[in-house]
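Asks: Here you go, entry18.cif (mmCIF, C-alpha atoms):
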data_model
#
loop_
_atom_site.group_PDB
_atom_site.id
_atom_site.type_symbol
_atom_site.label_atom_id
_atom_site.label_comp_id
_atom_site.auth_asym_id
_atom_site.auth_seq_id
_atom_site.Cartn_x
_atom_site.Cartn_y
_atom_site.Cartn_z
ATOM 1 C CA MET A 1 11.455 -27.092 -29.298
ATOM 2 C CA LYS A 2 12.318 -30.399 -30.830
ATOM 3 C CA ALA A 3 10.231 -31.731 -33.669
ATOM 4 C CA LYS A 4 9.817 -35.139 -32.047
ATOM 5 C CA MET A 5 9.581 -34.997 -28.258
ATOM 6 C CA THR A 6 9.040 -37.980 -26.077
ATOM 7 C CA PHE A 7 6.468 -37.822 -23.312
ATOM 8 C CA LYS A 8 9.293 -37.857 -20.743
ATOM 9 C CA ASP A 9 10.887 -34.761 -22.342
ATOM 10 C CA TYR A 10 7.506 -33.009 -22.401
ATOM 11 C CA ASN A 11 6.766 -33.987 -18.800
ATOM 12 C CA ASP A 12 10.178 -32.747 -17.588
ATOM 13 C CA MET A 13 9.505 -29.330 -19.036
ATOM 14 C CA TRP A 14 5.960 -29.078 -17.609
ATOM 15 C CA GLU A 15 5.234 -26.440 -14.932
ATOM 16 C CA ASP A 16 2.757 -26.915 -12.092
ATOM 17 C CA ALA A 17 1.755 -23.271 -12.158
ATOM 18 C CA ALA A 18 2.675 -20.477 -14.476
ATOM 19 C CA ALA A 19 5.322 -18.069 -13.207
ATOM 20 C CA ASN A 20 2.872 -15.184 -13.324
ATOM 21 C CA ALA A 21 -0.157 -16.972 -11.854
ATOM 22 C CA VAL A 22 -2.321 -14.583 -9.825
ATOM 23 C CA GLY A 23 -5.141 -16.933 -8.893
ATOM 24 C CA HIS A 24 -3.934 -17.227 -5.317
ATOM 25 C CA GLY A 25 -4.109 -13.461 -4.736
ATOM 26 C CA GLY A 26 -0.467 -12.950 -3.797
ATOM 27 C CA VAL A 27 0.408 -10.762 -6.764
ATOM 28 C CA SER A 28 -0.987 -7.313 -7.379
ATOM 29 C CA MET A 29 -1.477 -6.439 -10.986
ATOM 30 C CA PRO A 30 -0.280 -2.970 -12.084
ATOM 31 C CA ALA A 31 -3.806 -1.608 -12.543
ATOM 32 C CA ASP A 32 -4.568 -1.776 -8.820
ATOM 33 C CA MET A 33 -1.063 -1.652 -7.411
ATOM 34 C CA MET A 34 -0.339 1.092 -4.900
ATOM 35 C CA PRO A 35 3.226 2.003 -3.890
ATOM 36 C CA LYS A 36 4.095 1.555 -0.224
ATOM 37 C CA THR A 37 4.208 5.294 0.506
ATOM 38 C CA MET A 38 0.796 5.865 -1.111
ATOM 39 C CA HIS A 39 -0.661 2.886 0.758
ATOM 40 C CA GLN A 40 0.542 4.272 4.081
ATOM 41 C CA ARG A 41 -1.126 7.621 3.336
ATOM 42 C CA HIS A 42 -4.228 5.863 2.020
ATOM 43 C CA LYS A 43 -4.756 3.622 5.059
ATOM 44 C CA LYS A 44 -7.273 4.847 7.595
ATOM 45 C CA LYS A 45 -5.630 5.972 10.783
ATOM 46 C CA VAL A 46 -7.260 4.867 14.002
ATOM 47 C CA LYS A 47 -7.737 7.786 16.344
ATOM 48 C CA GLN A 48 -6.866 7.010 19.923
ATOM 49 C CA TYR A 49 -8.382 9.142 22.632
ATOM 50 C CA ASP A 50 -5.949 11.107 24.722
ATOM 51 C CA GLY A 51 -7.286 11.781 28.218
ATOM 52 C CA ARG A 52 -5.622 15.193 28.242
ATOM 53 C CA THR A 53 -7.703 16.618 25.388
ATOM 54 C CA LYS A 54 -11.231 18.031 25.627
ATOM 55 C CA GLU A 55 -12.833 15.274 23.572
ATOM 56 C CA GLY A 56 -10.812 12.647 25.445
ATOM 57 C CA LYS A 57 -12.119 13.920 28.781
ATOM 58 C CA LYS A 58 -15.702 13.797 27.466
ATOM 59 C CA PHE A 59 -15.121 10.262 26.229
ATOM 60 C CA ILE A 60 -13.841 9.136 29.633
ATOM 61 C CA GLU A 61 -16.794 10.834 31.347
ATOM 62 C CA ARG A 62 -19.184 8.879 29.100
ATOM 63 C CA ILE A 63 -17.397 5.621 29.884
ATOM 64 C CA LEU A 64 -17.537 6.249 33.629
ATOM 65 C CA ALA A 65 -21.181 7.350 33.480
ATOM 66 C CA ARG A 66 -22.174 4.185 31.636
ATOM 67 C CA ARG A 67 -20.163 2.072 34.065
ATOM 68 C CA ASN A 68 -21.892 3.712 37.053
ATOM 69 C CA ALA A 69 -25.304 3.246 35.418
ATOM 70 C CA ARG A 70 -24.559 -0.457 34.908
ATOM 71 C CA GLU A 71 -23.480 -0.845 38.513
ATOM 72 C CA GLN A 72 -26.629 0.952 39.729
ATOM 73 C CA SER A 73 -28.851 -1.253 37.593
ATOM 74 C CA LYS A 74 -27.154 -4.378 38.975
ATOM 75 C CA ILE A 75 -27.696 -3.163 42.540
ATOM 76 C CA SER A 76 -31.328 -2.182 41.923
ATOM 77 C CA THR A 77 -32.197 -5.547 40.319
ATOM 78 C CA LYS A 78 -30.935 -7.540 43.322
#
Please re-express this file's structure in structure tokens.
Replies:
Amino acid sequence: MKAKMTFKDYNDMWEDAAANAVGHGGVSMPADMMPKTMHQRHKKKVKQYDGRTKEGKKFIERILARRNAREQSKISTK
């Protein structure tokens, strides 16, 4: 750094944001960083019902029963 800098020299070297700014949330700091493979194992997996399994068949029965009950209630209220 020069001993006597002009304002123009100082202004030219000024940064808008620091190179390691984390205020915007785009950078994960090492303390909470999780590697991609760990993150994939860590993420909750959404179970999808398969109609061929026992619990899937029960699920579909519940859906159809509720649908029929709704239809019956619509008919009875008319």
Asks: What is the distance between atom CA of Gly56 of chain A and atom CA of Lys74 of chain A, in Å to one decimal?
Replies: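 That distance, rounded to one decimal, is 27.2 Å.
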Asks: I'd like the interatomic distance between atom CA of Leu64 of chain A and atom CA of Asp50 of chain A, to a tenth of an Å.
Replies: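 Between atom CA of Leu64 of chain A and atom CA of Asp50 of chain A the gap works out to 15.4 Å.
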Asks: Please report the interatomic distance between atom CA of Arg67 of chain A and atom CA of Lys54 of chain A in Å with one decimal.
Replies: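 Going from atom CA of Arg67 of chain A over to atom CA of Lys54 of chain A, I get 20.1 Å.
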Asks: Can you report as JSON the centre and edge lengths in Å, to one decimal, of an axis-aligned box around the listed atoms of segment 30-49 of chain A padded with 6 Å on each side?
Replies:
{"center_x": -2.1, "center_y": 3.1, "center_z": 5.0, "size_x": 24.6, "size_y": 24.1, "size_z": 47.2}
